[in-house]
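Data block for model_33.cif (mmCIF, C-alpha atoms and all ligand atoms):
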data_structure
loop_
_atom_site.label_atom_id
_atom_site.label_comp_id
_atom_site.auth_asym_id
_atom_site.auth_seq_id
_atom_site.Cartn_x
_atom_site.Cartn_y
_atom_site.Cartn_z
CA MET A 1 0.00 0.00 0.00
CA ALA A 2 1.37 3.38 -0.94
CA PHE A 3 -0.38 6.58 0.09
CA GLU A 4 0.41 9.64 -1.96
CA VAL A 5 -0.64 13.00 -0.53
CA ARG A 6 0.24 16.20 -2.42
CA ALA A 7 -1.06 19.49 -3.79
CA ALA A 8 -3.63 18.92 -6.53
CA THR A 9 -2.78 20.06 -10.05
CA GLU A 10 -5.02 21.85 -12.58
CA SER A 11 -5.43 18.56 -14.43
CA GLU A 12 -7.05 17.00 -11.35
CA ARG A 13 -10.04 19.40 -11.36
CA GLY A 14 -12.29 16.53 -12.49
CA ASP A 15 -11.11 14.34 -9.59
CA VAL A 16 -11.86 17.10 -7.10
CA ALA A 17 -15.32 17.46 -8.67
CA THR A 18 -15.88 13.71 -8.24
CA LEU A 19 -14.99 13.93 -4.55
CA ILE A 20 -17.21 17.00 -4.04
CA ARG A 21 -20.17 15.15 -5.58
CA GLU A 22 -19.67 12.27 -3.12
CA MET A 23 -19.14 14.65 -0.19
CA ILE A 24 -22.20 16.84 -0.79
CA PRO A 25 -24.83 14.73 -2.55
CA GLY A 26 -26.96 16.72 -4.98
CA VAL A 27 -24.49 19.61 -5.21
CA ASN A 28 -23.63 21.15 -8.56
CA ALA A 29 -19.88 20.49 -8.28
CA ASP A 30 -18.95 22.65 -11.28
CA LEU A 31 -20.72 25.70 -9.83
CA ARG A 32 -19.12 25.03 -6.44
CA LEU A 33 -15.66 24.78 -7.99
CA GLU A 34 -16.19 27.98 -9.92
CA TRP A 35 -17.54 29.96 -6.94
CA LEU A 36 -15.50 28.65 -4.02
CA TYR A 37 -12.31 27.39 -5.64
CA GLU A 38 -11.77 29.78 -8.55
CA LYS A 39 -13.65 33.07 -8.10
CA ASN A 40 -12.99 33.82 -4.42
CA PRO A 41 -11.67 37.43 -4.47
CA ALA A 42 -9.15 36.52 -1.75
CA GLY A 43 -7.53 33.95 -4.03
CA ARG A 44 -7.89 30.53 -5.59
CA ALA A 45 -8.35 27.54 -3.32
CA LEU A 46 -5.38 25.40 -2.37
CA THR A 47 -6.31 21.74 -2.60
CA TRP A 48 -4.46 18.62 -1.50
CA ILE A 49 -5.38 15.26 -2.89
CA ALA A 50 -4.72 11.72 -1.64
CA ARG A 51 -4.34 8.49 -3.60
CA GLU A 52 -3.58 4.92 -2.68
CA ASN A 53 -1.75 2.96 -5.36
CA GLY A 54 -2.95 5.61 -7.79
CA GLU A 55 -6.63 5.31 -6.81
CA LEU A 56 -8.38 8.56 -5.85
CA ALA A 57 -8.92 8.49 -2.05
CA GLY A 58 -9.63 11.97 -0.68
CA CYS A 59 -8.95 15.70 -0.58
CA THR A 60 -8.94 18.77 1.61
CA SER A 61 -8.81 22.47 0.77
CA TYR A 62 -7.83 25.87 2.08
CA PHE A 63 -10.08 28.71 0.92
CA PRO A 64 -8.17 32.01 1.24
CA PHE A 65 -9.87 34.57 3.50
CA ARG A 66 -8.67 38.08 4.23
CA LEU A 67 -8.56 38.47 8.00
CA TYR A 68 -8.48 41.66 10.01
CA LEU A 69 -5.93 41.21 12.81
CA ASP A 70 -5.44 44.01 15.34
CA GLY A 71 -6.14 46.63 12.69
CA ASP A 72 -4.16 45.12 9.80
CA GLU A 73 -5.31 42.98 6.92
CA THR A 74 -3.62 39.59 6.65
CA LEU A 75 -4.09 36.47 4.57
CA ALA A 76 -5.51 33.32 6.15
CA ALA A 77 -7.70 30.45 5.02
CA LEU A 78 -10.90 28.77 5.92
CA GLY A 79 -10.47 25.00 5.93
CA GLY A 80 -13.06 23.01 4.05
CA ASP A 81 -14.19 20.22 1.77
CA GLY A 82 -12.19 17.66 3.77
CA TYR A 83 -13.22 14.25 2.51
CA VAL A 84 -11.85 10.70 2.46
CA ARG A 85 -13.79 8.04 0.56
CA PRO A 86 -15.36 5.48 2.92
CA LYS A 87 -13.15 2.54 1.96
CA PHE A 88 -9.97 4.52 2.75
CA ARG A 89 -11.12 5.88 6.12
CA ARG A 90 -9.62 5.47 9.60
CA ARG A 91 -6.12 4.72 8.37
CA GLY A 92 -4.66 8.14 8.91
CA LEU A 93 -5.31 9.64 5.48
CA GLY A 94 -7.39 12.55 6.82
CA GLY A 95 -4.53 13.42 9.19
CA LEU A 96 -1.95 13.15 6.38
CA LEU A 97 -3.96 15.54 4.20
CA HIS A 98 -4.13 18.13 7.01
CA ASP A 99 -0.42 17.58 7.69
CA ALA A 100 0.49 18.27 4.05
CA ALA A 101 -1.61 21.43 4.07
CA ARG A 102 0.01 22.73 7.25
CA ASN A 103 3.51 22.08 5.92
CA GLU A 104 2.83 24.20 2.85
CA MET A 105 0.72 27.02 4.31
CA ALA A 106 3.65 29.35 5.06
CA ASP A 107 4.87 29.03 1.43
CA HIS A 108 1.50 30.41 0.34
CA GLY A 109 1.62 33.29 2.84
CA ILE A 110 -1.26 31.88 4.86
CA GLY A 111 -1.01 32.87 8.51
CA CYS A 112 -3.63 30.51 9.86
CA MET A 113 -6.32 28.06 8.83
CA TYR A 114 -9.48 28.05 10.91
CA GLY A 115 -12.95 26.57 11.14
CA ALA A 116 -15.56 24.78 13.21
CA PRO A 117 -15.30 21.25 11.73
CA GLY A 118 -17.70 18.34 11.78
CA ALA A 119 -17.18 15.70 14.50
CA MET A 120 -15.49 13.17 12.17
CA ASN A 121 -12.82 15.67 11.19
CA LEU A 122 -11.77 16.75 14.70
CA THR A 123 -9.14 14.09 15.41
CA PRO A 124 -7.66 14.13 11.89
CA LEU A 125 -7.35 17.93 12.12
CA LYS A 126 -5.63 17.70 15.49
CA HIS A 127 -3.22 15.14 14.03
CA GLY A 128 -2.50 17.75 11.37
CA GLY A 129 -1.52 20.31 14.01
CA SER A 130 -4.86 22.10 14.60
CA ARG A 131 -5.64 23.29 18.10
CA GLU A 132 -8.98 23.69 19.77
CA VAL A 133 -8.96 27.34 20.74
CA GLY A 134 -12.58 27.74 21.79
CA HIS A 135 -16.17 26.90 20.95
CA VAL A 136 -18.74 28.16 18.49
CA ALA A 137 -22.14 28.31 20.17
CA ARG A 138 -25.65 28.70 18.80
CA TRP A 139 -28.00 31.27 20.34
CA ALA A 140 -31.72 30.84 19.74
CA ARG A 141 -34.78 33.00 20.36
CA PRO A 142 -38.43 31.94 20.17
CA LEU A 143 -40.68 33.93 17.86
CA ARG A 144 -44.13 32.58 18.65
CA GLY A 145 -46.14 30.36 20.99
CA ALA A 146 -45.39 27.20 19.00
CA ALA A 147 -41.71 27.64 19.90
CA ILE A 148 -42.47 27.34 23.62
CA GLY A 149 -45.20 24.68 23.55
CA LEU A 150 -48.16 27.07 23.08
CA GLY A 151 -48.98 26.05 19.54
CA MET A 152 -52.78 26.51 19.59
CA ALA A 153 -53.79 29.31 17.24
CA PRO A 154 -54.92 32.01 19.72
CA PHE A 155 -51.96 31.46 22.07
CA ASP A 156 -49.52 31.22 19.18
CA ARG A 157 -50.63 34.60 17.81
CA LEU A 158 -50.80 36.21 21.25
CA VAL A 159 -47.23 35.13 22.13
CA ARG A 160 -45.99 36.22 18.71
CA GLY A 161 -47.46 39.68 19.32
CA ILE A 162 -45.83 39.90 22.75
CA LEU A 163 -42.43 38.67 21.52
CA ARG A 164 -42.29 40.86 18.41
CA PRO A 165 -40.01 43.89 18.84
CA ARG A 166 -41.52 47.29 17.97
CA PHE A 167 -40.06 50.52 16.58
CA VAL A 168 -36.92 48.87 15.23
CA PRO A 169 -34.73 49.45 12.15
CA HIS A 170 -35.73 47.66 8.96
CA LEU A 171 -34.02 45.36 6.44
CA GLU A 172 -33.36 46.38 2.83
CA PRO A 173 -32.06 43.91 0.22
CA MET A 174 -28.32 44.24 -0.35
CA SER A 175 -27.06 44.91 -3.85
CA ARG A 176 -23.79 43.76 -5.41
CA ASN A 177 -20.82 45.78 -4.13
CA ASP A 178 -23.23 47.74 -1.95
CA ALA A 179 -21.38 50.84 -0.67
CA ARG A 180 -23.46 50.67 2.53
CA VAL A 181 -21.74 47.36 3.40
CA ASP A 182 -18.33 49.03 3.17
CA GLU A 183 -19.60 51.80 5.48
CA VAL A 184 -20.83 49.27 8.02
CA TRP A 185 -17.65 47.19 7.78
CA GLU A 186 -15.45 50.24 8.30
CA GLN A 187 -17.20 50.93 11.58
CA PHE A 188 -17.69 47.31 12.67
CA SER A 189 -14.00 46.56 12.11
CA THR A 190 -13.12 49.02 14.90
CA THR A 191 -14.97 46.75 17.33
CA ILE A 192 -13.25 43.44 16.52
CA ARG A 193 -9.67 42.25 16.93
CA LEU A 194 -9.63 39.25 14.61
CA GLY A 195 -12.14 38.17 11.97
CA ALA A 196 -12.85 37.92 8.25
CA VAL A 197 -12.90 41.20 6.33
CA ARG A 198 -16.60 41.65 5.71
CA ASP A 199 -16.51 44.39 3.09
CA ALA A 200 -18.81 44.70 0.07
CA THR A 201 -16.45 42.65 -2.14
CA PHE A 202 -16.52 39.81 0.38
CA TYR A 203 -20.30 39.90 0.99
CA THR A 204 -20.97 40.03 -2.76
CA TRP A 205 -18.90 36.91 -3.38
CA ARG A 206 -19.77 35.00 -0.23
CA PHE A 207 -23.55 35.53 -0.36
CA LEU A 208 -24.81 37.26 -3.50
CA GLU A 209 -22.74 35.12 -5.89
CA ALA A 210 -23.12 31.85 -3.96
CA PRO A 211 -24.63 29.26 -6.30
CA ALA A 212 -27.36 27.97 -3.97
CA HIS A 213 -28.99 31.44 -3.61
CA LYS A 214 -30.39 30.33 -0.25
CA GLU A 215 -28.85 33.05 1.90
CA PRO A 216 -30.32 36.45 0.94
CA SER A 217 -28.42 39.41 2.36
CA TYR A 218 -29.70 42.68 3.75
CA VAL A 219 -28.54 46.06 4.92
CA ILE A 220 -30.13 47.07 8.23
CA VAL A 221 -31.30 50.65 7.99
CA GLU A 222 -32.33 53.08 10.73
CA ARG A 223 -33.64 56.55 9.88
CA GLY A 224 -31.90 56.38 6.50
CA HIS A 225 -28.53 55.21 7.88
CA ALA A 226 -26.99 51.77 7.40
CA ILE A 227 -26.31 50.38 10.89
CA GLY A 228 -25.72 46.71 10.02
CA ALA A 229 -25.54 44.01 7.38
CA CYS A 230 -26.67 40.42 7.55
CA SER A 231 -27.42 37.26 5.65
CA LEU A 232 -30.35 35.00 6.53
CA GLU A 233 -31.37 31.44 5.67
CA VAL A 234 -34.69 29.71 6.27
CA MET A 235 -34.03 26.22 7.65
CA HIS A 236 -35.72 23.17 9.15
CA GLY A 237 -38.65 23.26 6.75
CA GLY A 238 -39.36 26.91 7.55
CA ASP A 239 -39.23 26.56 11.36
CA THR A 240 -35.92 28.36 11.84
CA MET A 241 -34.60 31.63 10.50
CA ARG A 242 -30.80 31.35 10.81
CA ILE A 243 -28.85 34.59 10.98
CA VAL A 244 -26.03 33.25 8.83
CA ASP A 245 -23.91 36.35 9.36
CA LEU A 246 -24.27 39.69 11.10
CA MET A 247 -22.19 42.80 11.61
CA ALA A 248 -23.27 46.08 13.16
CA VAL A 249 -21.86 49.56 13.69
CA PRO A 250 -20.69 50.26 17.27
CA GLY A 251 -23.58 50.22 19.74
CA ALA A 252 -26.13 48.85 17.24
CA TRP A 253 -25.73 45.07 17.68
CA HIS A 254 -28.96 44.62 19.66
CA ARG A 255 -30.97 46.98 17.45
CA CYS A 256 -29.84 44.91 14.45
CA LEU A 257 -30.86 41.68 16.18
CA SER A 258 -34.27 43.19 16.96
CA ALA A 259 -34.70 44.27 13.33
CA ILE A 260 -33.98 40.72 12.18
CA VAL A 261 -36.33 39.26 14.78
CA ARG A 262 -39.06 41.61 13.60
CA HIS A 263 -38.39 40.56 9.98
CA ALA A 264 -38.46 36.86 10.94
CA ALA A 265 -41.69 37.31 12.90
CA GLU A 266 -43.43 38.19 9.62
CA THR A 267 -42.65 34.68 8.34
CA ASP A 268 -43.81 31.27 9.59
CA ALA A 269 -40.52 30.70 11.47
CA LYS A 270 -40.80 29.63 15.09
CA HIS A 271 -37.22 30.47 16.07
CA VAL A 272 -34.41 32.70 14.99
CA ASP A 273 -30.84 31.65 15.76
CA ILE A 274 -27.20 32.61 15.16
CA LYS A 275 -23.78 31.03 15.70
CA LEU A 276 -20.95 33.01 17.30
CA MET A 277 -17.80 32.28 19.26
CA ALA A 278 -19.11 31.36 22.72
CA LEU A 279 -16.98 33.96 24.53
CA ASP A 280 -17.89 36.68 22.04
CA GLY A 281 -21.62 35.88 22.22
CA ARG A 282 -21.59 36.01 26.01
CA GLN A 283 -19.82 39.36 25.95
CA ARG A 284 -22.48 40.66 23.59
CA HIS A 285 -25.17 39.83 26.21
CA MET A 286 -27.31 38.02 23.67
CA TRP A 287 -29.94 37.45 26.38
CA ARG A 288 -30.81 41.16 26.19
CA ALA A 289 -32.32 40.48 22.75
CA GLY A 290 -34.02 37.31 24.04
CA PHE A 291 -31.41 34.82 22.76
CA VAL A 292 -30.47 31.78 24.87
CA GLU A 293 -27.20 29.86 24.44
CA ARG A 294 -27.75 26.34 23.11
CA ASP A 295 -25.42 23.73 21.58
CA SER A 296 -21.79 24.36 20.70
CA LYS A 297 -18.93 22.80 18.79
CA PRO A 298 -15.15 23.20 18.88
CA PHE A 299 -13.38 25.93 16.95
CA LEU A 300 -9.98 24.90 15.59
CA VAL A 301 -7.02 26.89 14.34
CA VAL A 302 -3.72 25.79 12.82
CA ILE A 303 -0.75 28.08 12.31
CA PRO A 304 2.60 27.31 10.67
CA LYS A 305 5.18 25.91 13.10
CA THR A 306 6.65 29.33 13.92
CA GLY A 307 3.45 31.25 13.17
CA ASP A 308 1.73 34.23 14.84
CA ARG A 309 0.23 33.04 18.12
CA ARG A 310 -2.40 35.81 18.16
CA PHE A 311 -4.45 33.51 15.90
CA LEU A 312 -4.67 31.08 18.83
CA ASP A 313 -6.28 33.60 21.19
CA PRO A 314 -10.00 32.75 21.65
CA MET A 315 -10.67 36.24 23.08
CA ARG A 316 -9.71 37.87 19.78
CA TRP A 317 -11.94 35.99 17.36
CA PHE A 318 -15.14 37.21 15.76
CA TYR A 319 -16.63 34.19 14.02
CA CYS A 320 -20.04 33.94 12.36
CA GLY A 321 -21.65 32.03 9.50
CA ALA A 322 -19.78 33.78 6.68
CA ASP A 323 -16.82 31.77 8.01
CA SER A 324 -18.14 28.62 6.39
CA ASP A 325 -17.60 26.94 3.04
CA LEU A 326 -21.30 26.08 2.76
CA ASP A 327 -23.70 28.32 0.87
CA GLU A 328 -26.68 26.27 1.98
CA LEU A 329 -27.01 24.94 5.51
CA GLU A 330 -29.85 22.51 4.86
C1 LIG A 401 -13.40 13.33 8.28
C2 LIG A 401 -12.65 12.39 7.34
C3 LIG A 401 -12.05 13.22 6.23
C4 LIG A 401 -11.53 11.72 8.13
O1 LIG A 401 -10.78 10.87 7.23
P1 LIG A 401 -9.95 9.61 7.77
O2 LIG A 401 -8.95 9.27 6.71
O3 LIG A 401 -10.87 8.56 8.23
O4 LIG A 401 -9.19 10.26 9.02
P2 LIG A 401 -8.04 9.63 9.89
O5 LIG A 401 -7.88 8.18 9.53
O6 LIG A 401 -6.85 10.51 9.80
O7 LIG A 401 -8.62 9.78 11.35
C5 LIG A 401 -9.61 8.90 11.78
C6 LIG A 401 -10.11 9.44 13.12
O8 LIG A 401 -11.20 10.31 12.89
C7 LIG A 401 -12.15 10.13 13.94
N1 LIG A 401 -13.37 9.62 13.33
C8 LIG A 401 -13.52 8.93 12.20
N2 LIG A 401 -14.82 8.63 12.01
C9 LIG A 401 -15.47 9.14 13.05
C10 LIG A 401 -16.84 9.18 13.44
N3 LIG A 401 -17.78 8.59 12.73
N4 LIG A 401 -17.15 9.85 14.57
C11 LIG A 401 -16.20 10.43 15.34
N5 LIG A 401 -14.89 10.41 15.02
C12 LIG A 401 -14.54 9.77 13.90
C13 LIG A 401 -11.60 9.11 14.87
O9 LIG A 401 -10.90 9.76 15.90
C14 LIG A 401 -10.65 8.34 13.98
O10 LIG A 401 -9.61 7.78 14.69
P3 LIG A 401 -9.74 6.23 15.07
O11 LIG A 401 -9.98 5.50 13.78
O12 LIG A 401 -8.41 5.93 15.69
O13 LIG A 401 -10.87 6.12 16.00
C15 LIG A 401 -13.59 11.28 6.80
O14 LIG A 401 -14.12 10.58 7.89
C16 LIG A 401 -14.72 11.83 5.97
O15 LIG A 401 -14.56 12.08 4.80
N6 LIG A 401 -15.90 12.01 6.59
C17 LIG A 401 -17.09 12.47 5.89
C18 LIG A 401 -17.00 13.93 5.50
C19 LIG A 401 -16.71 14.85 6.67
O16 LIG A 401 -17.24 14.70 7.77
N7 LIG A 401 -15.84 15.86 6.41
C20 LIG A 401 -15.44 16.83 7.37
C21 LIG A 401 -16.28 18.06 7.26
S1 LIG A 401 -15.69 19.26 8.41
#
Take the structure in the file and write it out as structure tokens.
Amino acid sequence: MAFEVRAATESERGDVATLIREMIPGVNADLRLEWLYEKNPAGRALTWIARENGELAGCTSYFPFRLYLDGDETLAALGGDGYVRPKFRRRGLGGLLHDAARNEMADHGIGCMYGAPGAMNLTPLKHGGSREVGHVARWARPLRGAAIGLGMAPFDRLVRGILRPRFVPHLEPMSRNDARVDEVWEQFSTTIRLGAVRDATFYTWRFLEAPAHKEPSYVIVERGHAIGACSLEVMHGGDTMRIVDLMAVPGAWHRCLSAIVRHAAETDAKHVDIKLMALDGRQRHMWRAGFVERDSKPFLVVIPKTGDRRFLDPMRWFYCGADSDLDELE
């Protein structure tokens, strides 16, 4: 048996597409390759591929992301599309793929790779040098009676009326390269120490150009001024409105949450929820907007062997749903 793990070449695009189709059944692999691997404004994906005796066995990728670190822009990568075909699993191949990626990241100028991986990928990532630097938690808020066991029509409507915020900013659809997103990002960036650059270029690519078109994006407007930007996805057969991503100008985080809750309350959704770094979410006092902390999963970071340790500081990170390689959560 001979494992071969190395950077994929242009001529292996078809092999990567084959693996993507197995990894995400029903996906349009060509559109995914074009969007995520080739047209990302931060740079083309770096992909490593594994074979055993020449047979295609698995892959993993780094998707370049521009990160804002203590006021400066730096290049990093979101880790994603890690996949080993079932018959090759549990023999160390996942770990070898992550190892190969880590060994080459410095050559590509990538300061860190980060993400909140699925359970199966945790140990292989740790074998490849990733460290658990914190947790990503989900915060949820009920919107109507049915969300708290009062599903009968009169109670449901009554509770919805009580829970619905009043006199809040409103949501306007975002356009491509929306200047209002740059305005919001410029102000939001002063409030975070480490996180993806969420400017109009990024939001346009990450949400408006995403092939699934399942995550519409909005600018949150108050008295004619943009105070936030977000992307939303309806999940669980319409029961949940997920705030995929959110940023707000200083002091407006809760007003933006209330605007989204108000927007969601006009739909059939029973809950609205959002994922954030657990420490960050607690510091934002999510309970003030009616959100309760629920489940969580580990957040992992890998840096080159002599890399910048600020990437390993859980207190620095702002993480939300834009930090994901999926353009459709359901
Ligand atoms: C994740 C994946 C790439 C790992 O590939 P692999 O070659 O099996 O990984 P390794 O052999 O290096 O590591 C195997 C370890 O992963 C963990 N693991 C594997 N399957 C697991 C499972 N079902 N549940 C929990 N942990 C699991 C175990 O710790 C295992 O070690 P063990 O065999 O000693 O118990 C592969 O399982 C896969 O493609 N899964 C489906 C897609 C996926 O989940 N991708 C990750 C998205 S973030």
Using only C-alpha atoms and all ligand atoms, which residues of the polymer chains come no farther than 8 Å from ligand LIG 401 (chain A)? I'd like the answer as a ChimeraX atom specification. /A:23,58-60,80-86,88-96,116-125,127
Which neighbours of segment 228-237 of chain A fall inside 8 Å, counting all atoms listed in the file, when residues of the same chain fewer than 6 positions from it are skipped, and could you give them as JSON, numbers by chain? {"A": [181, 184, 207, 214, 215, 216, 217, 218, 219, 220, 221, 243, 244, 245, 246, 247, 248, 249, 252, 253, 256, 269, 328, 329, 330]}
List the spatial neighbours of Tyr62 of chain A as a PDB file with C-alpha atoms, in the frame of the given file - criterion: any atom at most 6 Å away, only C-alpha atoms, same-chain residues fewer than 5 positions off excluded.
ATOM      1  CA  ALA A  45      -8.350  27.540  -3.320  1.00  0.00           C
ATOM      2  CA  LEU A  46      -5.380  25.400  -2.370  1.00  0.00           C
ATOM      3  CA  ALA A  77      -7.700  30.450   5.020  1.00  0.00           C
ATOM      4  CA  LEU A  78     -10.900  28.770   5.920  1.00  0.00           C
ATOM      5  CA  GLY A  79     -10.470  25.000   5.930  1.00  0.00           C
TER       6      GLY A  79
END
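As for atom CA of Asp239 of chain A and atom CA of His263 of chain A, they are spaced 14.1 Å apart.
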Need to verify the contact set: Arg44 of chain A, 10 Å, only C-alpha atoms, exclusion of same-chain residues closer than 6 positions in sequence. Can you return it as a list of chain:residue names? A:Leu33, A:Glu34, A:Trp35, A:Leu36, A:Tyr37, A:Glu38, A:Tyr62, A:Phe63, A:Pro64
Measure the distance from atom CA of Gly43 of chain A to atom CA of Ala278 of chain A in Å and round it to one decimal. 29.3 Å
Between atom CA of Cys112 of chain A and atom CA of Ile303 of chain A lies a distance of 4.5 Å
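Residues in contact with Lys126 of chain A at up to 10 Å, not including ones fewer than 4 positions away on its chain and judged by all atoms listed in the file, are A:Gly95, A:His98, A:Asp99, A:Asn121, A:Leu122, A:Ser130, A:Arg131, A:Glu132, A:Leu300, A:Val301, A:Val302.
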Env of Glu55 of chain A: 12 Å cut, atoms = only C-alpha atoms, seq-sep filter 2 positions within chain, self excluded. Answer as a ChimeraX atom specification. /A:1-5,15,49-53,57-58,84-85,87-88
Could you check which of A:His213, A:Arg180, A:Arg66, A:Lys270 is closest to Gly238 of chain A, using only C-alpha atoms? A:Lys270
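Here the question is which of A:Gly151, A:Gly71, A:Pro169, A:Gly161 gets nearest to Ala265 of chain A using only C-alpha atoms, and that residue is A:Gly161.
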Within-6 Å shell of (-25.5, 42.8, -5.4) in input frame, all atoms listed in the file, as a list in words: Met174, Ser175, Arg176, Asn177, Thr204 and Leu208 of chain A
Kindly indicate which residue among A:Tyr319, A:Phe65, A:Phe291, A:Trp48 lies nearest to Arg206 of chain A, using only C-alpha atoms for the distances. A:Phe65
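Shortest atom-to-atom contact with Asp325 of chain A among A:Ile110, A:Leu75, A:Ile24, A:Ala200: A:Ile24, counting only C-alpha atoms.
Using all atoms listed in the file, the shortest contact distance between Ser324 of chain A and any of A:Tyr114, A:Phe202, A:Arg141, A:Asp178 is found at A:Tyr114.
With all atoms listed in the file as the atoms that count, the minimum distance from Glu293 of chain A to the choices A:Leu279, A:Ile227, A:Ala137, A:Val159 is reached by A:Ala137.
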Each side padded by 6 Å, which centre and which edge lengths in Å (one decimal) define the axis-aligned box around the listed atoms of segment 34-41 of chain A? Give them as AutoDock Vina command-line options.
--center_x -14.6 --center_y 32.4 --center_z -7.0 --size_x 17.9 --size_y 22.0 --size_z 17.9
